[in-house]
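Trainee: Here you go, query11.pdb (PDB, C-alpha atoms and all ligand atoms):
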```
ATOM      1  CA  MET A   1     -15.065 -23.489 -17.322
ATOM      2  CA  SER A   2     -18.749 -24.381 -16.964
ATOM      3  CA  ALA A   3     -21.241 -22.173 -15.106
ATOM      4  CA  GLU A   4     -21.642 -25.049 -12.659
ATOM      5  CA  SER A   5     -17.956 -25.228 -11.745
ATOM      6  CA  ARG A   6     -17.756 -21.404 -11.560
ATOM      7  CA  ARG A   7     -20.530 -21.456  -8.956
ATOM      8  CA  GLU A   8     -18.466 -23.864  -6.873
ATOM      9  CA  ILE A   9     -15.381 -21.670  -6.955
ATOM     10  CA  GLU A  10     -16.868 -18.178  -6.657
ATOM     11  CA  PRO A  11     -17.745 -17.151  -3.109
ATOM     12  CA  GLU A  12     -21.419 -16.751  -2.411
ATOM     13  CA  LEU A  13     -22.233 -13.058  -2.257
ATOM     14  CA  PRO A  14     -24.321 -11.768   0.620
ATOM     15  CA  ARG A  15     -27.924 -10.689   0.204
ATOM     16  CA  PRO A  16     -28.483  -7.040  -0.759
ATOM     17  CA  LEU A  17     -27.647  -4.632   2.029
ATOM     18  CA  PRO A  18     -30.621  -2.431   3.014
ATOM     19  CA  PRO A  19     -30.111   1.082   1.596
ATOM     20  CA  GLN A  20     -31.201   2.778   4.839
ATOM     21  CA  ARG A  21     -28.535   0.910   6.770
ATOM     22  CA  LEU A  22     -25.855   1.786   4.214
ATOM     23  CA  GLY A  23     -26.984   5.424   4.286
ATOM     24  CA  ALA A  24     -26.761   5.568   8.086
ATOM     25  CA  ILE A  25     -23.268   4.004   8.054
ATOM     26  CA  ARG A  26     -22.114   6.557   5.466
ATOM     27  CA  ARG A  27     -23.494   9.524   7.392
ATOM     28  CA  ARG A  28     -22.038   8.492  10.731
ATOM     29  CA  LEU A  29     -18.627   7.655   9.320
ATOM     30  CA  LEU A  30     -18.341  10.921   7.379
ATOM     31  CA  ARG A  31     -19.443  12.843  10.492
ATOM     32  CA  TRP A  32     -16.719  11.032  12.474
ATOM     33  CA  TYR A  33     -14.199  11.967   9.768
ATOM     34  CA  ASP A  34     -15.210  15.638   9.933
ATOM     35  CA  GLU A  35     -13.832  15.657  13.468
ATOM     36  CA  HIS A  36     -10.899  13.280  13.061
ATOM     37  CA  GLU A  37      -9.508  14.009   9.618
ATOM     38  CA  GLN A  38      -5.737  13.507   9.322
ATOM     39  CA  PRO A  39      -4.399  16.449   7.290
ATOM     40  CA  PHE A  40      -2.027  14.521   5.025
ATOM     41  CA  PRO A  41      -0.925  16.725   2.114
ATOM     42  CA  TRP A  42      -1.762  14.232  -0.649
ATOM     43  CA  ARG A  43      -5.385  14.074   0.429
ATOM     44  CA  THR A  44      -6.113  17.670  -0.474
ATOM     45  CA  ALA A  45      -3.513  18.297  -3.199
ATOM     46  CA  ALA A  46      -5.807  17.122  -6.042
ATOM     47  CA  ASP A  47      -2.545  15.976  -7.676
ATOM     48  CA  PRO A  48      -2.615  12.476  -9.210
ATOM     49  CA  TYR A  49       1.184  12.182  -8.998
ATOM     50  CA  ALA A  50       1.180  13.111  -5.286
ATOM     51  CA  ALA A  51      -1.622  10.583  -4.726
ATOM     52  CA  LEU A  52       0.373   7.855  -6.482
ATOM     53  CA  VAL A  53       3.516   8.598  -4.474
ATOM     54  CA  ALA A  54       1.527   8.467  -1.217
ATOM     55  CA  ALA A  55      -0.188   5.202  -2.182
ATOM     56  CA  VAL A  56       3.123   3.548  -3.084
ATOM     57  CA  CYS A  57       4.807   4.863   0.084
ATOM     58  CA  ALA A  58       1.932   3.464   2.172
ATOM     59  CA  GLN A  59       2.366  -0.120   0.954
ATOM     60  CA  GLN A  60       3.556  -2.284   3.866
ATOM     61  CA  THR A  61       4.554   0.840   5.789
ATOM     62  CA  GLN A  62       3.172   2.340   8.977
ATOM     63  CA  MET A  63       1.414   5.666   8.478
ATOM     64  CA  SER A  64       3.757   7.369  10.937
ATOM     65  CA  ARG A  65       6.627   6.752   8.472
ATOM     66  CA  VAL A  66       4.727   7.417   5.251
ATOM     67  CA  LEU A  67       4.676  11.201   5.706
ATOM     68  CA  GLN A  68       8.449  11.297   6.195
ATOM     69  CA  ILE A  69       9.139   9.219   3.061
ATOM     70  CA  TYR A  70       6.557  11.161   1.050
ATOM     71  CA  ASP A  71       8.049  14.557   2.047
ATOM     72  CA  ARG A  72      11.555  13.462   1.161
ATOM     73  CA  TRP A  73      10.428  12.090  -2.190
ATOM     74  CA  MET A  74       8.325  15.114  -3.157
ATOM     75  CA  THR A  75      11.147  17.492  -2.200
ATOM     76  CA  ALA A  76      13.537  15.615  -4.506
ATOM     77  CA  PHE A  77      11.005  14.934  -7.290
ATOM     78  CA  PRO A  78       8.164  17.466  -6.999
ATOM     79  CA  THR A  79       6.691  16.528 -10.379
ATOM     80  CA  ILE A  80       6.435  13.415 -12.462
ATOM     81  CA  HIS A  81       8.682  15.105 -15.058
ATOM     82  CA  ALA A  82      11.381  15.678 -12.426
ATOM     83  CA  LEU A  83      11.228  12.006 -11.489
ATOM     84  CA  ALA A  84      11.385  10.813 -15.098
ATOM     85  CA  ALA A  85      14.409  13.057 -15.729
ATOM     86  CA  ALA A  86      16.328  11.481 -12.835
ATOM     87  CA  SER A  87      18.078   8.099 -12.955
ATOM     88  CA  ASP A  88      16.682   5.107 -11.116
ATOM     89  CA  ALA A  89      19.859   5.188  -8.994
ATOM     90  CA  ASP A  90      18.850   8.735  -7.890
ATOM     91  CA  ALA A  91      15.400   7.417  -7.040
ATOM     92  CA  LEU A  92      16.910   4.635  -4.923
ATOM     93  CA  ARG A  93      19.141   7.139  -3.094
ATOM     94  CA  VAL A  94      16.149   9.322  -2.232
ATOM     95  CA  TRP A  95      14.152   6.269  -1.154
ATOM     96  CA  ASP A  96      17.012   5.681   1.282
ATOM     97  CA  ARG A  97      16.182   3.091   3.970
ATOM     98  CA  ALA A  98      12.402   3.168   3.565
ATOM     99  CA  GLY A  99      12.260  -0.572   2.848
ATOM    100  CA  TYR A 100      11.042  -2.561  -0.152
ATOM    101  CA  PRO A 101      13.109  -0.385  -2.538
ATOM    102  CA  LYS A 102      11.466  -1.905  -5.608
ATOM    103  CA  ARG A 103       8.770   0.646  -4.914
ATOM    104  CA  ALA A 104      11.216   3.429  -5.857
ATOM    105  CA  LEU A 105      12.006   1.624  -9.105
ATOM    106  CA  TYR A 106       8.303   1.184  -9.872
ATOM    107  CA  LEU A 107       7.637   4.879  -9.317
ATOM    108  CA  HIS A 108      10.541   5.760 -11.580
ATOM    109  CA  GLN A 109       9.406   3.347 -14.304
ATOM    110  CA  THR A 110       5.861   4.677 -14.083
ATOM    111  CA  ALA A 111       7.078   8.279 -14.385
ATOM    112  CA  THR A 112       9.084   7.345 -17.475
ATOM    113  CA  ILE A 113       6.114   5.607 -19.118
ATOM    114  CA  VAL A 114       3.690   8.412 -18.236
ATOM    115  CA  CYS A 115       6.033  11.082 -19.628
ATOM    116  CA  GLU A 116       6.729   9.074 -22.793
ATOM    117  CA  HIS A 117       3.199   7.842 -23.534
ATOM    118  CA  TYR A 118       0.729  10.068 -21.683
ATOM    119  CA  GLY A 119       2.308  13.514 -22.029
ATOM    120  CA  GLY A 120       3.253  13.566 -18.339
ATOM    121  CA  LEU A 121      -0.334  13.144 -17.091
ATOM    122  CA  LEU A 122      -1.311   9.988 -15.238
ATOM    123  CA  PRO A 123      -4.203   8.231 -16.991
ATOM    124  CA  ARG A 124      -7.733   8.568 -15.597
ATOM    125  CA  THR A 125      -8.973   5.010 -16.000
ATOM    126  CA  ARG A 126      -8.512   2.071 -13.644
ATOM    127  CA  ASP A 127      -7.353  -0.289 -16.382
ATOM    128  CA  GLU A 128      -4.688   2.095 -17.664
ATOM    129  CA  LEU A 129      -3.439   2.729 -14.126
ATOM    130  CA  LEU A 130      -3.309  -1.000 -13.365
ATOM    131  CA  ALA A 131      -1.069  -1.502 -16.397
ATOM    132  CA  LEU A 132       1.617   0.753 -14.860
ATOM    133  CA  PRO A 133       4.506  -0.852 -12.903
ATOM    134  CA  GLY A 134       3.720  -1.463  -9.238
ATOM    135  CA  VAL A 135       0.191  -0.001  -9.444
ATOM    136  CA  GLY A 136      -2.379  -2.339  -7.908
ATOM    137  CA  PRO A 137      -6.106  -1.854  -7.217
ATOM    138  CA  PHE A 138      -5.462   0.133  -4.015
ATOM    139  CA  SER A 139      -3.025   2.599  -5.614
ATOM    140  CA  ALA A 140      -5.280   2.974  -8.670
ATOM    141  CA  ALA A 141      -8.265   3.823  -6.443
ATOM    142  CA  ILE A 142      -6.206   6.360  -4.486
ATOM    143  CA  VAL A 143      -5.042   8.083  -7.694
ATOM    144  CA  LEU A 144      -8.588   8.151  -9.073
ATOM    145  CA  SER A 145     -10.218   9.425  -5.885
ATOM    146  CA  PHE A 146      -7.583  11.818  -4.453
ATOM    147  CA  GLY A 147      -6.045  12.834  -7.755
ATOM    148  CA  PHE A 148      -9.052  13.134 -10.036
ATOM    149  CA  GLY A 149     -12.069  13.142  -7.694
ATOM    150  CA  ILE A 150     -13.401  10.033  -9.484
ATOM    151  CA  ASP A 151     -15.493   7.557  -7.477
ATOM    152  CA  ALA A 152     -13.327   4.514  -6.764
ATOM    153  CA  ALA A 153     -13.367   2.364  -3.643
ATOM    154  CA  ALA A 154      -9.907   1.844  -2.122
ATOM    155  CA  ILE A 155      -9.509  -1.423  -0.236
ATOM    156  CA  ASP A 156      -6.625  -1.952   2.137
ATOM    157  CA  THR A 157      -6.240  -4.090   5.249
ATOM    158  CA  ASN A 158      -7.941  -1.535   7.499
ATOM    159  CA  ILE A 159     -10.900  -1.208   5.167
ATOM    160  CA  VAL A 160     -11.319  -4.971   4.832
ATOM    161  CA  ARG A 161     -11.398  -5.212   8.606
ATOM    162  CA  VAL A 162     -13.990  -2.428   9.031
ATOM    163  CA  LEU A 163     -16.335  -3.643   6.278
ATOM    164  CA  GLY A 164     -16.076  -7.291   7.261
ATOM    165  CA  ARG A 165     -17.049  -6.451  10.830
ATOM    166  CA  VAL A 166     -19.705  -3.793  10.250
ATOM    167  CA  LEU A 167     -21.490  -5.501   7.361
ATOM    168  CA  PHE A 168     -20.852  -9.216   7.845
ATOM    169  CA  GLY A 169     -20.247  -9.594  11.581
ATOM    170  CA  ASP A 170     -16.787 -11.145  11.310
ATOM    171  CA  LEU A 171     -14.261 -10.630  14.087
ATOM    172  CA  GLN A 172     -11.172 -11.195  11.951
ATOM    173  CA  PRO A 173     -12.302 -10.284   8.437
ATOM    174  CA  VAL A 174      -8.837 -10.212   6.881
ATOM    175  CA  ARG A 175      -8.922 -13.989   7.304
ATOM    176  CA  GLU A 176     -12.651 -14.765   7.382
ATOM    177  CA  THR A 177     -14.302 -12.702   4.660
ATOM    178  CA  PRO A 178     -13.732 -13.624   0.995
ATOM    179  CA  ALA A 179     -12.124 -10.762  -0.902
ATOM    180  CA  ALA A 180     -14.959 -10.797  -3.463
ATOM    181  CA  GLN A 181     -17.496 -10.064  -0.723
ATOM    182  CA  ILE A 182     -15.484  -7.136   0.561
ATOM    183  CA  ARG A 183     -15.074  -5.676  -2.930
ATOM    184  CA  TRP A 184     -18.791  -6.118  -3.551
ATOM    185  CA  ALA A 185     -19.670  -4.363  -0.286
ATOM    186  CA  ALA A 186     -17.093  -1.591  -0.724
ATOM    187  CA  GLU A 187     -18.558  -0.636  -4.109
ATOM    188  CA  ARG A 188     -22.096  -0.508  -2.701
ATOM    189  CA  LEU A 189     -21.125   1.513   0.342
ATOM    190  CA  LEU A 190     -19.141   4.112  -1.626
ATOM    191  CA  PRO A 191     -21.152   7.377  -1.578
ATOM    192  CA  ASP A 192     -21.599   9.310  -4.830
ATOM    193  CA  ASN A 193     -19.020  12.020  -5.563
ATOM    194  CA  GLN A 194     -17.266  11.769  -2.187
ATOM    195  CA  ALA A 195     -14.599   9.119  -2.701
ATOM    196  CA  GLU A 196     -11.790  11.546  -1.806
ATOM    197  CA  ARG A 197     -13.324  11.847   1.681
ATOM    198  CA  TRP A 198     -14.858   8.403   1.983
ATOM    199  CA  ASN A 199     -11.677   6.398   1.358
ATOM    200  CA  PRO A 200      -9.565   8.225   3.972
ATOM    201  CA  ALA A 201     -12.493   8.174   6.402
ATOM    202  CA  LEU A 202     -12.580   4.366   6.256
ATOM    203  CA  MET A 203      -8.801   4.094   6.482
ATOM    204  CA  ASP A 204      -8.525   6.410   9.488
ATOM    205  CA  PHE A 205     -11.498   4.815  11.201
ATOM    206  CA  GLY A 206      -9.908   1.391  10.736
ATOM    207  CA  ALA A 207      -6.660   2.650  12.244
ATOM    208  CA  ALA A 208      -8.131   4.649  15.137
ATOM    209  CA  VAL A 209     -11.377   2.918  16.166
ATOM    210  CA  CYS A 210     -12.030  -0.403  14.443
ATOM    211  CA  ALA A 211      -8.393  -1.402  14.863
ATOM    212  CA  ALA A 212      -7.136  -4.985  15.237
ATOM    213  CA  LYS A 213      -8.295  -4.611  18.846
ATOM    214  CA  PRO A 214     -11.510  -2.633  18.306
ATOM    215  CA  ARG A 215     -12.624   0.249  20.543
ATOM    216  CA  CYS A 216     -16.317  -0.598  20.392
ATOM    217  CA  ALA A 217     -17.194   1.476  23.459
ATOM    218  CA  GLN A 218     -16.165   4.673  21.612
ATOM    219  CA  CYS A 219     -17.508   3.641  18.213
ATOM    220  CA  PRO A 220     -20.137   5.745  16.407
ATOM    221  CA  LEU A 221     -21.161   2.688  14.341
ATOM    222  CA  SER A 222     -21.833   0.315  17.241
ATOM    223  CA  THR A 223     -25.639   0.292  16.821
ATOM    224  CA  LEU A 224     -25.221  -0.480  13.107
ATOM    225  CA  CYS A 225     -22.359  -2.953  13.364
ATOM    226  CA  ALA A 226     -22.985  -6.663  12.821
ATOM    227  CA  ALA A 227     -19.917  -7.622  14.867
ATOM    228  CA  TYR A 228     -20.710  -5.395  17.842
ATOM    229  CA  PRO A 229     -22.880  -7.953  19.694
ATOM    230  CA  ARG A 230     -20.073 -10.497  19.406
ATOM    231  CA  PHE A 231     -17.407  -8.140  20.765
ATOM    232  CA  ALA A 232     -19.801  -6.836  23.441
ATOM    233  CA  GLY A 233     -20.507 -10.461  24.395
ATOM    234  CA  GLY A 234     -16.841 -11.032  25.137
ATOM    235  CA  GLU A 235     -15.544 -12.593  21.915
ATOM    236  CA  GLU A 236     -12.121 -11.356  20.824
ATOM    237  CA  ALA A 237     -10.264 -10.989  17.556
ATOM    238  CA  GLN A 238      -7.175 -13.172  17.447
ATOM    239  CA  ALA A 239      -3.824 -11.447  17.783
ATOM    240  CA  ALA A 240      -2.113 -10.681  14.487
ATOM    241  CA  ARG A 241       0.379 -13.277  13.292
ATOM    242  CA  MET A 242       3.961 -12.542  14.313
ATOM    243  CA  GLN A 243       6.170 -11.359  11.469
ATOM    244  CA  PRO A 244       9.258 -13.524  10.917
ATOM    245  CA  PRO A 245      12.349 -11.782  12.358
ATOM    246  CA  PHE A 246      14.058  -9.293  10.033
ATOM    247  CA  ARG A 247      17.485  -9.895  11.544
ATOM    248  CA  GLY A 248      19.356 -12.468   9.498
ATOM    249  CA  SER A 249      16.620 -12.677   6.860
ATOM    250  CA  HIS A 250      17.048 -12.682   3.079
ATOM    251  CA  ARG A 251      15.365  -9.258   3.132
ATOM    252  CA  GLU A 252      17.996  -7.899   5.505
ATOM    253  CA  LEU A 253      20.788  -9.148   3.244
ATOM    254  CA  ARG A 254      19.152  -7.518   0.205
ATOM    255  CA  GLY A 255      18.761  -4.254   2.121
ATOM    256  CA  LEU A 256      22.397  -4.271   3.229
ATOM    257  CA  ILE A 257      23.626  -4.890  -0.330
ATOM    258  CA  VAL A 258      21.590  -1.990  -1.731
ATOM    259  CA  SER A 259      22.670   0.174   1.198
ATOM    260  CA  GLN A 260      26.376  -0.468   0.453
ATOM    261  CA  LEU A 261      25.937   0.902  -3.052
ATOM    262  CA  ARG A 262      23.535   3.677  -2.101
ATOM    263  CA  THR A 263      25.954   5.163   0.406
ATOM    264  CA  SER A 264      29.071   4.745  -1.721
ATOM    265  CA  GLU A 265      30.253   7.503  -4.026
ATOM    266  CA  GLU A 266      31.861   4.904  -6.250
ATOM    267  CA  PRO A 267      30.784   1.594  -7.761
ATOM    268  CA  LEU A 268      32.020  -1.317  -5.665
ATOM    269  CA  GLN A 269      33.707  -4.610  -6.343
ATOM    270  CA  ARG A 270      31.411  -7.607  -6.053
ATOM    271  CA  THR A 271      33.727  -9.481  -3.693
ATOM    272  CA  VAL A 272      34.014  -6.428  -1.426
ATOM    273  CA  VAL A 273      30.223  -6.069  -1.145
ATOM    274  CA  ILE A 274      29.717  -9.760  -0.439
ATOM    275  CA  ALA A 275      32.408  -9.797   2.240
ATOM    276  CA  ARG A 276      31.137  -6.618   3.927
ATOM    277  CA  VAL A 277      27.508  -7.726   4.013
ATOM    278  CA  ALA A 278      28.439 -11.201   5.244
ATOM    279  CA  ARG A 279      30.386  -9.591   8.083
ATOM    280  CA  LEU A 280      27.659  -7.075   8.967
ATOM    281  CA  ALA A 281      24.884  -9.681   8.979
ATOM    282  CA  ARG A 282      27.030 -12.515  10.273
ATOM    283  CA  ALA A 283      25.806 -14.548   7.331
ATOM    284  CA  LYS A 284      27.501 -17.058   5.056
ATOM    285  CA  GLN A 285      28.865 -15.587   1.823
ATOM    286  CA  SER A 286      26.819 -18.125  -0.139
ATOM    287  CA  ARG A 287      23.600 -16.596   1.282
ATOM    288  CA  VAL A 288      24.792 -13.084   0.488
ATOM    289  CA  THR A 289      25.571 -14.202  -3.065
ATOM    290  CA  LEU A 290      22.005 -15.466  -3.457
ATOM    291  CA  ALA A 291      20.651 -12.162  -2.125
ATOM    292  CA  LEU A 292      22.907 -10.282  -4.537
ATOM    293  CA  ASP A 293      21.598 -12.328  -7.457
ATOM    294  CA  SER A 294      18.038 -11.428  -6.434
ATOM    295  CA  VAL A 295      18.661  -7.664  -6.215
ATOM    296  CA  ILE A 296      20.356  -7.804  -9.623
ATOM    297  CA  ALA A 297      17.365  -9.700 -11.036
ATOM    298  CA  ASP A 298      15.050  -7.016  -9.595
ATOM    299  CA  GLY A 299      17.034  -4.185 -11.226
ATOM    300  CA  LEU A 300      18.051  -2.622  -7.917
ATOM    301  CA  VAL A 301      21.714  -3.258  -8.729
ATOM    302  CA  HIS A 302      23.529  -4.084 -11.948
ATOM    303  CA  ASP A 303      26.927  -5.537 -12.559
ATOM    304  CA  CYS A 304      29.541  -4.983 -15.167
ATOM    305  CA  GLY A 305      32.132  -7.693 -14.848
ATOM    306  CA  ASP A 306      33.079  -7.737 -11.172
ATOM    307  CA  ILE A 307      31.910  -4.183 -10.514
ATOM    308  CA  LEU A 308      28.499  -3.420  -8.990
ATOM    309  CA  TYR A 309      26.480  -0.251  -9.621
ATOM    310  CA  LEU A 310      23.301   1.045  -8.003
ATOM    311  CA  GLY A 311      20.177   0.908 -10.195
ATOM    312  CA  SER A 312      19.222  -1.075 -13.265
ATOM    313  CA  GLY A 313      21.692   0.629 -15.588
ATOM    314  CA  ASP A 314      18.920   1.280 -18.168
TER     315      ASP A 314
HETATM  316  S1  LIG A 401     -18.610  -1.575  16.966
HETATM  317 FE1  LIG A 401     -16.556  -2.378  17.260
HETATM  318  S2  LIG A 401     -16.321  -3.912  15.627
HETATM  319 FE2  LIG A 401     -18.046  -2.608  15.064
HETATM  320  S3  LIG A 401     -17.170  -0.999  13.764
HETATM  321 FE3  LIG A 401     -17.219  -0.216  15.853
HETATM  322  S4  LIG A 401     -15.178  -0.714  16.647
HETATM  323 FE4  LIG A 401     -15.486  -1.978  14.829
END
```
What would you get if you wrote out this structure as structure tokens?

Mentor:
Amino acid sequence: MSAESRREIEPELPRPLPPQRLGAIRRRLLRWYDEHEQPFPWRTAADPYAALVAAVCAQQTQMSRVLQIYDRWMTAFPTIHALAAASDADALRVWDRAGYPKRALYLHQTATIVCEHYGGLLPRTRDELLALPGVGPFSAAIVLSFGFGIDAAAIDTNIVRVLGRVLFGDLQPVRETPAAQIRWAAERLLPDNQAERWNPALMDFGAAVCAAKPRCAQCPLSTLCAAYPRFAGGEEAQAARMQPPFRGSHRELRGLIVSQLRTSEEPLQRTVVIARVARLARAKQSRVTLALDSVIADGLVHDCGDILYLGSGD
């Protein structure tokens, strides 16, 4: 690709952000966090495995449920060795109904790889972490910052929203601000040697103050925020898009299939599972069959002839 065509595709990066302004934002946000810190155990454990579990639990899950899933998981598998020694079916049972059960498989696969190739210690570089199953940039940054105290900027939906508003004046940054701009800004705003406090400060601030509907009147950053004049002038962020209904969805069918096997002491016949799930979801058996094929392809379930078992069977 030529430099010319790259320029057309890459988003234009903003002009340098004045250091004094960045410094003031850092100070005010960290002061806010001193008073509003959420005492989640993985934030202070200095345990890379605990940080990874928390990051994976937090994907597509409300924070109010993350602590419950995390506690259950850490009670069953307190160390990465304990997780690697278990079967993936055990991991799925402990994951229970937490949703998106591939996350349990990814954690189990990662534990196996880390115990086989890294002596049971999660690697300390972003690239090595990103090569592990289910570990994306957010989880890698959480492991580096909470687990190892290494400077790494975590970027999740809340953080995109906060940075896009404060630095670029967008109302709805998840949709308006190019991801490259947010990454660029997040790296520049990250204070030296404080990532384990900075990342959760931004996350909590995005959840409590600069939420989808921002509380600008109570915001310690209002005099520094590029979006404040717009909100104060009466503009509003659009409501979040409605999620498609879960009831009757392909995801519900997948969840019901896994649940049948997770709660059964015995393997189950394929025809029995299909009939039960079709009845429970009031769905056609052909749709349940498609959902079953997809959970088998994902390694959540495996079959041996007409008999279904929980887990990949590896
Ligand atoms: S002033 Fe409003 S938009 Fe700006 S950071 Fe604070 S809450 Fe968010």

Trainee: Would you kindly return, as a PyMOL selection string, each protein, DNA or RNA residue with an atom no farther than 9 Å from any atom of range 59-74 of chain A, considering all atoms listed in the file and excluding same-chain residues fewer than 2 positions away?

Mentor: chain A and resi 40-41+50+53-57+76-79+91+94-96+98-100+103+139

Trainee: Considering all atoms listed in the file, return as a PDB file with C-alpha atoms, in the frame of the given file whatever protein or nucleic-acid residues lie within 9 Å of Asp298 in chain A, sequence-local ones (same chain, fewer than 5 positions apart) excluded.

Mentor:
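This is the output file out26.pdb:
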```
ATOM      1  CA  LYS A 102      11.466  -1.905  -5.608  1.00  0.00           C
ATOM      2  CA  ASP A 293      21.598 -12.328  -7.457  1.00  0.00           C
ATOM      3  CA  SER A 312      19.222  -1.075 -13.265  1.00  0.00           C
TER       4      SER A 312
END
```

Trainee: Applied to the shown file, which residues does the PyMOL selection byres (((chain A and resi 166-181) around 8) and not hetatm) return, written as a ChimeraX atom specification?

Mentor: /A:11-14,157,160-165,182-185,221,224-228,230-231,236-238

Trainee: Those same residues - C-alpha atoms - I'd like them written as a PDB file, keeping the file's coordinate frame.

Mentor:
```
ATOM      1  CA  PRO A  11     -17.745 -17.151  -3.109  1.00  0.00           C
ATOM      2  CA  GLU A  12     -21.419 -16.751  -2.411  1.00  0.00           C
ATOM      3  CA  LEU A  13     -22.233 -13.058  -2.257  1.00  0.00           C
ATOM      4  CA  PRO A  14     -24.321 -11.768   0.620  1.00  0.00           C
ATOM      5  CA  THR A 157      -6.240  -4.090   5.249  1.00  0.00           C
ATOM      6  CA  VAL A 160     -11.319  -4.971   4.832  1.00  0.00           C
ATOM      7  CA  ARG A 161     -11.398  -5.212   8.606  1.00  0.00           C
ATOM      8  CA  VAL A 162     -13.990  -2.428   9.031  1.00  0.00           C
ATOM      9  CA  LEU A 163     -16.335  -3.643   6.278  1.00  0.00           C
ATOM     10  CA  GLY A 164     -16.076  -7.291   7.261  1.00  0.00           C
ATOM     11  CA  ARG A 165     -17.049  -6.451  10.830  1.00  0.00           C
ATOM     12  CA  ILE A 182     -15.484  -7.136   0.561  1.00  0.00           C
ATOM     13  CA  ARG A 183     -15.074  -5.676  -2.930  1.00  0.00           C
ATOM     14  CA  TRP A 184     -18.791  -6.118  -3.551  1.00  0.00           C
ATOM     15  CA  ALA A 185     -19.670  -4.363  -0.286  1.00  0.00           C
ATOM     16  CA  LEU A 221     -21.161   2.688  14.341  1.00  0.00           C
ATOM     17  CA  LEU A 224     -25.221  -0.480  13.107  1.00  0.00           C
ATOM     18  CA  CYS A 225     -22.359  -2.953  13.364  1.00  0.00           C
ATOM     19  CA  ALA A 226     -22.985  -6.663  12.821  1.00  0.00           C
ATOM     20  CA  ALA A 227     -19.917  -7.622  14.867  1.00  0.00           C
ATOM     21  CA  TYR A 228     -20.710  -5.395  17.842  1.00  0.00           C
ATOM     22  CA  ARG A 230     -20.073 -10.497  19.406  1.00  0.00           C
ATOM     23  CA  PHE A 231     -17.407  -8.140  20.765  1.00  0.00           C
ATOM     24  CA  GLU A 236     -12.121 -11.356  20.824  1.00  0.00           C
ATOM     25  CA  ALA A 237     -10.264 -10.989  17.556  1.00  0.00           C
ATOM     26  CA  GLN A 238      -7.175 -13.172  17.447  1.00  0.00           C
TER      27      GLN A 238
END
```

Trainee: For the atom pair CA of Arg279 in chain A and CA of Asp88 in chain A, what is the interatomic distance in Å to one decimal place?

Mentor: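 Straight-line distance from CA of Arg279 in chain A to CA of Asp88 in chain A works out to 27.8 Å.
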
Trainee: Emit as AutoDock Vina command-line options the padded axis-aligned box for all listed atoms of range 240-254 of chain A, 8 Å per side, with centre and edge lengths in Å to one decimal.

Mentor:
```
--center_x 9.3 --center_y -10.5 --center_z 7.3 --size_x 38.9 --size_y 22.0 --size_z 30.3
```

Trainee: So what does the PyMOL selection byres (((chain A and resi 147) around 12) and not hetatm) actually pick up in this one, as an MDAnalysis selection string?

Mentor: chainID A and resid 41:55 121:125 139:146 148:152 195:197

Trainee: Could you write out the selected residues, including C-alpha atoms, as a PDB file, keeping the file's coordinate frame?

Mentor:
```pdb
ATOM      1  CA  PRO A  41      -0.925  16.725   2.114  1.00  0.00           C
ATOM      2  CA  TRP A  42      -1.762  14.232  -0.649  1.00  0.00           C
ATOM      3  CA  ARG A  43      -5.385  14.074   0.429  1.00  0.00           C
ATOM      4  CA  THR A  44      -6.113  17.670  -0.474  1.00  0.00           C
ATOM      5  CA  ALA A  45      -3.513  18.297  -3.199  1.00  0.00           C
ATOM      6  CA  ALA A  46      -5.807  17.122  -6.042  1.00  0.00           C
ATOM      7  CA  ASP A  47      -2.545  15.976  -7.676  1.00  0.00           C
ATOM      8  CA  PRO A  48      -2.615  12.476  -9.210  1.00  0.00           C
ATOM      9  CA  TYR A  49       1.184  12.182  -8.998  1.00  0.00           C
ATOM     10  CA  ALA A  50       1.180  13.111  -5.286  1.00  0.00           C
ATOM     11  CA  ALA A  51      -1.622  10.583  -4.726  1.00  0.00           C
ATOM     12  CA  LEU A  52       0.373   7.855  -6.482  1.00  0.00           C
ATOM     13  CA  VAL A  53       3.516   8.598  -4.474  1.00  0.00           C
ATOM     14  CA  ALA A  54       1.527   8.467  -1.217  1.00  0.00           C
ATOM     15  CA  ALA A  55      -0.188   5.202  -2.182  1.00  0.00           C
ATOM     16  CA  LEU A 121      -0.334  13.144 -17.091  1.00  0.00           C
ATOM     17  CA  LEU A 122      -1.311   9.988 -15.238  1.00  0.00           C
ATOM     18  CA  PRO A 123      -4.203   8.231 -16.991  1.00  0.00           C
ATOM     19  CA  ARG A 124      -7.733   8.568 -15.597  1.00  0.00           C
ATOM     20  CA  THR A 125      -8.973   5.010 -16.000  1.00  0.00           C
ATOM     21  CA  SER A 139      -3.025   2.599  -5.614  1.00  0.00           C
ATOM     22  CA  ALA A 140      -5.280   2.974  -8.670  1.00  0.00           C
ATOM     23  CA  ALA A 141      -8.265   3.823  -6.443  1.00  0.00           C
ATOM     24  CA  ILE A 142      -6.206   6.360  -4.486  1.00  0.00           C
ATOM     25  CA  VAL A 143      -5.042   8.083  -7.694  1.00  0.00           C
ATOM     26  CA  LEU A 144      -8.588   8.151  -9.073  1.00  0.00           C
ATOM     27  CA  SER A 145     -10.218   9.425  -5.885  1.00  0.00           C
ATOM     28  CA  PHE A 146      -7.583  11.818  -4.453  1.00  0.00           C
ATOM     29  CA  PHE A 148      -9.052  13.134 -10.036  1.00  0.00           C
ATOM     30  CA  GLY A 149     -12.069  13.142  -7.694  1.00  0.00           C
ATOM     31  CA  ILE A 150     -13.401  10.033  -9.484  1.00  0.00           C
ATOM     32  CA  ASP A 151     -15.493   7.557  -7.477  1.00  0.00           C
ATOM     33  CA  ALA A 152     -13.327   4.514  -6.764  1.00  0.00           C
ATOM     34  CA  ALA A 195     -14.599   9.119  -2.701  1.00  0.00           C
ATOM     35  CA  GLU A 196     -11.790  11.546  -1.806  1.00  0.00           C
ATOM     36  CA  ARG A 197     -13.324  11.847   1.681  1.00  0.00           C
TER      37      ARG A 197
END
```
